[in-house]
$ cat query-v3.tsv   # TSV, C-alpha atoms
chain	number	residue	atom	x	y	z
A	274	MET	CA	16.58	-2.44	-10.72
A	275	SER	CA	16.79	-3.90	-14.17
A	276	GLY	CA	13.43	-2.77	-15.46
A	277	ASP	CA	14.86	-0.82	-18.35
A	278	HIS	CA	12.39	-2.06	-20.89
A	279	HIS	CA	10.85	1.30	-21.61
A	280	ASN	CA	13.38	3.30	-23.50
A	281	THR	CA	11.51	6.46	-24.31
A	282	ASP	CA	13.71	8.49	-21.96
A	283	ASP	CA	17.44	8.72	-22.24
A	284	SER	CA	18.14	9.29	-18.60
A	285	GLY	CA	17.38	7.04	-15.66
A	286	PRO	CA	14.57	7.73	-13.25
A	287	ALA	CA	16.78	9.23	-10.56
A	288	ALA	CA	18.04	11.89	-13.00
A	289	ARG	CA	14.52	12.60	-14.24
A	290	VAL	CA	13.19	13.07	-10.74
A	291	LYS	CA	16.10	15.34	-9.91
A	292	ALA	CA	15.42	17.43	-13.02
A	293	LEU	CA	11.72	17.71	-12.22
A	294	GLU	CA	12.45	18.73	-8.66
A	295	ALA	CA	14.91	21.39	-9.81
A	296	ILE	CA	12.48	22.89	-12.32
A	297	LEU	CA	9.55	22.90	-9.94
A	298	THR	CA	11.68	24.43	-7.20
A	299	GLU	CA	12.95	27.08	-9.58
A	300	LYS	CA	9.37	27.94	-10.50
A	301	GLY	CA	8.50	28.28	-6.85
A	302	MET	CA	6.05	25.38	-6.96
A	303	LEU	CA	7.99	23.13	-4.60
A	304	ASP	CA	9.95	23.48	-1.42
A	305	PRO	CA	12.63	20.77	-1.16
A	306	ALA	CA	12.40	20.85	2.63
A	307	ALA	CA	8.71	20.01	2.37
A	308	LEU	CA	9.64	16.98	0.28
A	309	ASP	CA	12.00	15.79	3.00
A	310	ALA	CA	9.17	16.09	5.48
A	311	VAL	CA	6.81	14.02	3.33
A	312	VAL	CA	9.40	11.29	2.84
A	313	ASP	CA	10.13	11.20	6.55
A	314	LEU	CA	6.43	11.05	7.35
A	315	TYR	CA	5.76	8.06	5.10
A	316	GLU	CA	9.01	6.27	5.84
A	317	THR	CA	8.86	6.51	9.58
A	318	ARG	CA	5.55	7.68	10.99
A	319	VAL	CA	2.56	6.78	8.83
A	320	GLY	CA	2.59	3.01	8.66
A	321	PRO	CA	1.00	-0.24	9.76
A	322	ARG	CA	1.65	0.49	13.42
A	323	ASN	CA	-1.31	2.89	13.17
A	324	GLY	CA	-3.60	0.17	11.87
A	325	ALA	CA	-2.32	-2.18	14.56
A	326	ARG	CA	-3.49	0.29	17.21
A	327	VAL	CA	-6.92	0.41	15.62
A	328	VAL	CA	-7.17	-3.38	15.54
A	329	ALA	CA	-5.95	-3.81	19.12
A	330	LYS	CA	-8.51	-1.30	20.31
A	331	ALA	CA	-11.28	-3.05	18.39
A	332	TRP	CA	-10.26	-6.34	20.02
A	333	THR	CA	-10.37	-4.93	23.53
A	334	ASP	CA	-13.16	-2.38	23.38
A	335	ALA	CA	-16.52	-3.71	22.13
A	336	GLU	CA	-17.99	-0.24	21.74
A	337	TYR	CA	-15.03	0.90	19.67
A	338	ARG	CA	-15.32	-2.21	17.49
A	339	LYS	CA	-18.95	-1.30	16.77
A	340	ARG	CA	-18.01	2.25	15.86
A	341	LEU	CA	-15.19	1.00	13.65
A	342	LEU	CA	-17.47	-1.35	11.74
A	343	ALA	CA	-20.14	1.34	11.42
A	344	ASN	CA	-17.85	4.18	10.31
A	345	ALA	CA	-14.18	3.36	10.07
A	346	THR	CA	-13.15	6.84	8.91
A	347	ALA	CA	-14.53	8.41	12.08
A	348	ALA	CA	-13.34	5.62	14.39
A	349	VAL	CA	-9.80	5.80	13.04
A	350	ARG	CA	-9.81	9.55	13.41
A	351	GLU	CA	-10.62	9.12	17.11
A	352	LEU	CA	-7.09	7.72	17.42
A	353	GLY	CA	-5.64	10.61	15.46
A	354	PHE	CA	-5.24	8.84	12.13
A	355	ALA	CA	-6.43	10.74	9.06
A	356	GLY	CA	-5.03	12.13	5.84
A	357	PRO	CA	-4.76	11.41	2.13
A	358	GLU	CA	-6.35	8.12	1.03
A	359	GLY	CA	-8.22	7.92	4.31
A	360	GLY	CA	-11.34	9.86	3.40
A	361	HIS	CA	-13.63	6.87	3.04
A	362	LEU	CA	-12.40	3.95	5.07
A	363	VAL	CA	-14.29	0.70	5.59
A	364	ALA	CA	-13.31	-1.94	8.14
A	365	VAL	CA	-14.10	-5.57	7.35
A	366	GLU	CA	-13.84	-8.21	10.02
A	367	ASN	CA	-12.47	-11.73	9.73
A	368	THR	CA	-14.35	-14.46	11.59
A	369	ASP	CA	-14.33	-18.25	11.70
A	370	ARG	CA	-16.62	-18.21	8.65
A	371	VAL	CA	-15.42	-15.23	6.64
A	372	HIS	CA	-11.98	-14.20	5.46
A	373	ASN	CA	-11.47	-10.79	3.83
A	374	LEU	CA	-8.79	-9.94	1.30
A	375	VAL	CA	-8.02	-6.47	-0.08
A	376	VAL	CA	-6.61	-5.62	-3.49
A	377	CYS	CA	-6.54	-2.69	-5.89
A	378	THR	CA	-6.77	-4.22	-9.33
A	379	LEU	CA	-6.15	-0.98	-11.24
A	380	CYS	CA	-3.15	0.47	-9.47
A	381	SER	CA	-2.28	0.54	-5.81
A	382	CYS	CA	-5.02	2.21	-3.75
A	383	TYR	CA	-4.37	1.53	-0.10
A	384	PRO	CA	-5.49	3.06	3.22
A	385	TRP	CA	-2.45	5.25	3.89
A	386	PRO	CA	-3.42	6.70	7.28
A	387	VAL	CA	-3.65	3.24	8.86
A	388	LEU	CA	-1.23	1.15	6.79
A	389	GLY	CA	1.19	3.63	5.23
A	390	LEU	CA	2.26	3.03	1.65
A	391	PRO	CA	1.69	-0.39	0.07
A	392	PRO	CA	4.39	-3.07	-0.07
A	393	VAL	CA	5.88	-4.13	-3.37
A	394	TRP	CA	3.81	-7.31	-3.75
A	395	TYR	CA	0.54	-5.39	-3.33
A	396	LYS	CA	1.42	-3.29	-6.38
A	397	SER	CA	2.58	-6.25	-8.47
A	398	PHE	CA	0.78	-7.56	-11.53
A	399	ALA	CA	0.98	-11.04	-10.00
A	400	TYR	CA	-1.11	-9.99	-7.00
A	401	ARG	CA	-3.46	-7.57	-8.72
A	402	SER	CA	-4.30	-9.95	-11.53
A	403	ARG	CA	-4.96	-12.98	-9.35
A	404	ALA	CA	-6.47	-11.74	-6.10
A	405	VAL	CA	-9.96	-11.51	-7.60
A	406	SER	CA	-9.92	-14.56	-9.87
A	407	ASP	CA	-8.02	-16.92	-7.56
A	408	PRO	CA	-7.98	-15.56	-4.01
A	409	ARG	CA	-7.42	-18.96	-2.42
A	410	GLY	CA	-4.44	-19.54	-4.68
A	411	VAL	CA	-2.98	-16.16	-3.72
A	412	LEU	CA	-3.52	-16.89	-0.04
A	413	LYS	CA	-1.77	-20.21	-0.48
A	414	ASP	CA	1.21	-18.33	-1.90
A	415	PHE	CA	1.27	-16.40	1.34
A	416	GLY	CA	1.20	-19.67	3.26
A	417	LEU	CA	-2.43	-19.41	4.29
A	418	GLU	CA	-4.71	-22.33	3.51
A	419	LEU	CA	-8.33	-21.78	4.41
A	420	SER	CA	-10.75	-24.62	4.84
A	421	ALA	CA	-13.46	-24.93	2.21
A	422	ASP	CA	-16.23	-23.78	4.54
A	423	VAL	CA	-14.61	-20.35	5.03
A	424	GLU	CA	-16.02	-17.78	2.66
A	425	VAL	CA	-13.39	-15.57	1.05
A	426	ARG	CA	-14.49	-12.00	0.33
A	427	VAL	CA	-12.30	-9.93	-1.94
A	428	TRP	CA	-12.53	-6.15	-1.72
A	429	ASP	CA	-11.28	-4.18	-4.70
A	430	SER	CA	-10.32	-0.72	-3.53
A	431	SER	CA	-10.28	0.81	-6.98
A	432	ALA	CA	-13.02	3.33	-6.32
A	433	GLU	CA	-13.06	5.80	-3.44
A	434	ILE	CA	-13.28	3.27	-0.66
A	435	ARG	CA	-10.19	2.01	1.16
A	436	TYR	CA	-10.45	-1.17	3.21
A	437	LEU	CA	-8.88	-2.28	6.47
A	438	VAL	CA	-9.14	-5.92	7.50
A	439	ILE	CA	-9.68	-6.56	11.19
A	440	PRO	CA	-7.89	-9.87	11.62
A	441	GLN	CA	-9.02	-12.45	14.14
A	442	ARG	CA	-7.55	-12.12	17.57
A	443	PRO	CA	-5.39	-15.18	18.18
A	444	LYS	CA	-6.18	-17.58	21.00
A	445	ASP	CA	-4.20	-17.43	24.22
A	446	THR	CA	-4.09	-13.65	24.25
A	447	ASP	CA	-6.70	-13.02	26.94
A	448	GLY	CA	-4.36	-11.47	29.44
A	449	MET	CA	-2.61	-9.17	27.00
A	450	SER	CA	-2.91	-5.41	27.15
A	451	GLU	CA	-3.94	-3.27	24.21
A	452	ASP	CA	-0.29	-2.26	23.69
A	453	GLU	CA	0.88	-5.85	23.73
A	454	LEU	CA	-1.84	-6.81	21.29
A	455	ALA	CA	-0.96	-3.95	18.95
A	456	ALA	CA	2.59	-5.31	18.83
A	457	ILE	CA	1.47	-8.64	17.36
A	458	VAL	CA	-0.79	-7.22	14.64
A	459	THR	CA	0.99	-7.42	11.30
A	460	ARG	CA	0.58	-5.34	8.18
A	461	ASP	CA	-0.14	-8.40	6.05
A	462	SER	CA	-2.94	-9.49	8.37
A	463	MET	CA	-4.63	-6.12	7.87
A	464	VAL	CA	-4.56	-6.61	4.08
A	465	GLY	CA	-5.91	-10.11	4.62
A	466	VAL	CA	-3.05	-12.23	3.33
A	467	GLU	CA	-2.16	-13.79	6.65
A	468	LYS	CA	-3.56	-14.73	10.03
A	469	ILE	CA	-1.95	-13.59	13.21
A	470	ALA	CA	-0.12	-16.37	14.95
A	471	PRO	CA	-0.51	-16.66	18.71
A	472	PRO	CA	2.44	-14.97	20.39
A	473	ALA	CA	5.19	-17.27	21.56
A	474	ARG	CA	6.19	-15.12	24.47
A	475	ALA	CA	8.68	-16.17	27.05
A	476	GLY	CA	6.77	-16.50	30.29
A	477	ALA	CA	3.43	-16.59	28.50
A	478	LYS	CA	0.58	-17.58	30.72
A	479	ARG	CA	0.59	-21.26	30.06
A	480	ALA	CA	2.80	-23.22	27.76
A	481	ARG	CA	0.82	-24.41	24.79
A	482	ALA	CA	1.14	-28.08	24.03
B	295	MET	CA	0.83	-15.40	-14.15
B	296	SER	CA	3.17	-17.56	-12.23
B	297	THR	CA	2.99	-18.13	-8.54
B	298	ALA	CA	6.77	-17.94	-8.45
B	299	ALA	CA	6.68	-14.26	-9.37
B	300	LEU	CA	4.43	-13.38	-6.47
B	301	ASN	CA	6.42	-15.57	-4.11
B	302	LYS	CA	9.57	-13.70	-4.97
B	303	LEU	CA	7.91	-10.37	-4.18
B	304	ILE	CA	6.51	-11.73	-0.95
B	305	GLU	CA	9.95	-12.90	0.03
B	306	VAL	CA	11.43	-9.47	-0.69
B	307	ALA	CA	8.74	-7.83	1.45
B	308	ARG	CA	9.30	-10.30	4.28
B	309	LEU	CA	12.99	-9.52	4.45
B	310	ASP	CA	12.21	-5.93	5.23
B	311	PRO	CA	8.60	-5.55	6.30
B	312	GLU	CA	8.72	-1.81	6.88
B	313	HIS	CA	10.36	-1.16	3.56
B	314	VAL	CA	8.38	1.46	1.63
B	315	PHE	CA	10.67	2.71	-1.16
B	316	SER	CA	13.36	0.73	-2.97
B	317	ALA	CA	15.41	3.76	-3.96
B	318	PRO	CA	15.62	7.40	-2.87
B	319	TRP	CA	14.23	8.63	-6.20
B	320	GLU	CA	11.02	6.68	-5.59
B	321	ALA	CA	10.49	8.50	-2.32
B	322	ARG	CA	11.26	11.81	-3.99
B	323	ALA	CA	8.83	11.18	-6.85
B	324	PHE	CA	6.11	10.24	-4.40
B	325	ALA	CA	6.69	13.35	-2.32
B	326	ILE	CA	6.68	15.63	-5.38
B	327	ALA	CA	3.35	14.21	-6.57
B	328	LEU	CA	1.76	14.47	-3.15
B	329	LYS	CA	3.00	18.01	-2.51
B	330	LEU	CA	1.91	19.30	-5.91
B	331	SER	CA	-1.54	17.82	-5.46
B	332	GLU	CA	-1.76	19.34	-1.99
B	333	SER	CA	-0.93	22.72	-3.40
B	334	GLY	CA	-3.72	22.34	-5.94
B	335	LEU	CA	-1.76	22.03	-9.20
B	336	PHE	CA	-3.75	18.87	-9.84
B	337	THR	CA	-5.99	16.59	-7.85
B	338	TRP	CA	-4.85	13.20	-6.61
B	339	ASP	CA	-7.65	11.67	-8.69
B	340	GLU	CA	-6.21	13.23	-11.82
B	341	PHE	CA	-2.85	11.80	-10.90
B	342	ARG	CA	-4.35	8.40	-10.18
B	343	ASP	CA	-6.02	8.31	-13.60
B	344	HIS	CA	-2.62	8.79	-15.20
B	345	LEU	CA	-1.09	6.17	-12.95
B	346	ILE	CA	-3.83	3.70	-13.82
B	347	ALA	CA	-3.20	4.32	-17.52
B	348	GLU	CA	0.51	3.58	-17.10
B	349	VAL	CA	-0.13	0.49	-15.02
B	350	ARG	CA	-2.75	-0.75	-17.49
B	351	ALA	CA	-0.37	-0.39	-20.43
B	352	SER	CA	2.24	-2.40	-18.58
B	353	ASP	CA	-0.31	-5.02	-17.46
B	354	ARG	CA	-1.39	-5.53	-21.06
B	355	ILE	CA	2.16	-6.31	-22.10
B	356	ARG	CA	2.59	-8.65	-19.13
B	357	ALA	CA	-0.63	-10.48	-19.92
B	358	ARG	CA	0.28	-10.78	-23.59
B	359	ASP	CA	3.84	-11.97	-23.00
B	360	GLY	CA	3.16	-13.97	-19.87
B	361	THR	CA	5.87	-12.09	-18.02
B	362	SER	CA	5.85	-10.82	-14.47
B	363	ASP	CA	6.88	-7.49	-13.09
B	364	HIS	CA	9.67	-7.01	-10.61
B	365	GLY	CA	8.73	-3.96	-8.68
B	366	GLU	CA	8.79	-1.25	-11.35
B	367	TYR	CA	5.70	0.43	-9.92
B	368	TYR	CA	7.50	3.72	-9.33
B	369	ASP	CA	8.62	3.77	-12.96
B	370	HIS	CA	4.92	3.91	-13.82
B	371	PHE	CA	4.41	6.45	-11.08
B	372	LEU	CA	7.12	8.75	-12.40
B	373	ARG	CA	5.93	8.46	-15.98
B	374	ALA	CA	2.38	9.28	-14.88
B	375	LEU	CA	3.66	12.34	-13.04
B	376	GLU	CA	5.72	13.49	-16.02
B	377	ARG	CA	2.79	13.07	-18.40
B	378	LEU	CA	0.41	14.94	-16.13
B	379	LEU	CA	2.83	17.83	-15.58
B	380	ALA	CA	3.51	18.07	-19.30
B	381	GLU	CA	-0.20	17.95	-20.20
B	382	LYS	CA	-0.94	20.72	-17.76
B	383	GLY	CA	1.98	22.75	-19.04
B	384	ILE	CA	3.48	22.85	-15.56
B	385	ALA	CA	6.88	21.35	-16.29
B	386	THR	CA	8.81	18.85	-18.32
B	387	SER	CA	11.93	17.13	-17.07
B	388	ASN	CA	14.04	18.24	-20.05
B	389	GLU	CA	13.07	21.91	-19.78
B	390	ARG	CA	16.44	22.90	-18.42
B	391	GLU	CA	18.53	21.27	-21.06
B	392	SER	CA	18.23	24.13	-23.53

$ encode --input "query-v3.tsv" --output "structure tokens"
Amino acid sequence: MSGDHHNTDDSGPAARVKALEAILTEKGMLDPAALDAVVDLYETRVGPRNGARVVAKAWTDAEYRKRLLANATAAVRELGFAGPEGGHLVAVENTDRVHNLVVCTLCSCYPWPVLGLPPVWYKSFAYRSRAVSDPRGVLKDFGLELSADVEVRVWDSSAEIRYLVIPQRPKDTDGMSEDELAAIVTRDSMVGVEKIAPPARAGAKRARA
Amino acid sequence: MSTAALNKLIEVARLDPEHVFSAPWEARAFAIALKLSESGLFTWDEFRDHLIAEVRASDRIRARDGTSDHGEYYDHFLRALERLLAEKGIATSNERES
């Protein structure tokens, strides 16, 4: 943490947060125990595992996939996922011809109920400033090179809408259960910066050449 | 904006994919903002407008100087929260010092 280039405050951020918390608690506006609960919620329970469940269900249940594409907010709620930053959710699906990428160019808007809080790169100037102007370059940074005939669609979640990418289901996963599929869905694939690799499971159905 | 800067951040994220906050104060600041908005002292949109203003000011400097950030998002977040609370006359972080 060496970002001490703004010097308008004498004390470091930890001390400032502590002071704010003390004042607000004193005024009866905050309950420190409630803060613990929020931190615990976003550190351990609301995260990309939720989105992975949504994707796995969409892969295995054609009717659910339709509902998800038609109204993601409602479809996600069916699985019990709702909350702040989830009021207007849109699911966009990757195919052989289309690859979707999500960014928030202004700050860090992100679909909390299905992905939790955004990772550090999502909030970075490097990502926000380039995802729209040079999406293929950004994807290359993530190790993903798309062929020229794949259309890249960039979704800027700066307004009310929050986007969830439904990545492509990898090949060789036909026999897998919804739970097993959920386990291979990554956070980054649901933002659109990577593809899901086929699982290299021991005892997988047939060894791939 | 250099590719190297993004690569470094990607690498950090890869090392710990479930990593949400880099320091306890970041988590605390997030929770304070969320709780206060839930209790109606301000709306999340009001908070976001302040956050966007902080991020934009930083972006402008980065674009001008050709520098990259290194994960100081929650510094912007905290400053946005402080500004909003001060503007609304709810609290300032040096209130207790007197």

$ interface_residues --input "query-v3.tsv" --of "chain B" --to "chain A" --cutoff "6 Å" --atoms "only C-alpha atoms" --output "number ranges by chain"
B: 300, 303-304, 319, 321, 325, 346, 387

$ atom_distance --input "query-v3.tsv" --atom1 "CA of Ile384 in chain B" --atom2 "CA of Glu320 in chain B"
20.4 Å

$ closest_residue --input "query-v3.tsv" --among "B:Ala385, B:Pro318, B:Leu379, B:Thr361" --to "Thr337 in chain B" --atoms "all atoms listed in the file"
B:Leu379

$ atom_distance --input "query-v3.tsv" --atom1 "CA of Glu348 in chain B" --atom2 "CA of Tyr383 in chain A"
17.8 Å

$ residues_around --input "query-v3.tsv" --residues "Asn367 in chain A" --least-positions-apart "6" --cutoff "8 Å" --atoms "only C-alpha atoms" --output "list in words"
Asn373, Val438, Ile439, Pro440 and Gln441 of chain A

$ closest_residue --input "query-v3.tsv" --among "A:Val425, A:Leu341, A:Ala432, A:Leu412" --to "Asp339 in chain B" --atoms "only C-alpha atoms"
A:Ala432

$ closest_residue --input "query-v3.tsv" --among "A:Ala345, A:Leu454, A:Leu388, A:Ala325" --to "Val314 in chain B" --atoms "all atoms listed in the file"
A:Leu388

$ closest_residue --input "query-v3.tsv" --among "A:Cys377, A:Val423, A:Met463, A:Ala404" --to "Val327 in chain A" --atoms "all atoms listed in the file"
A:Met463

$ residues_near_point --input "query-v3.tsv" --point "(-6.1, -5.1, 24.1)" --cutoff "6 Å" --atoms "only C-alpha atoms" --output "PyMOL selection string"
chain A and resi 329-330+332-333+450-451+454

$ atom_distance --input "query-v3.tsv" --atom1 "CA of Leu375 in chain B" --atom2 "CA of Phe336 in chain B"
10.4 Å

$ closest_residue --input "query-v3.tsv" --among "B:Ala357, B:Glu332, B:Phe324, B:Gly383" --to "His370 in chain B" --atoms "only C-alpha atoms"
B:Phe324

$ residues_around --input "query-v3.tsv" --residues "Trp428 in chain A" --least-positions-apart "3" --cutoff "7 Å" --atoms "only C-alpha atoms" --output "VMD selection string"
chain A and resid 374 to 376
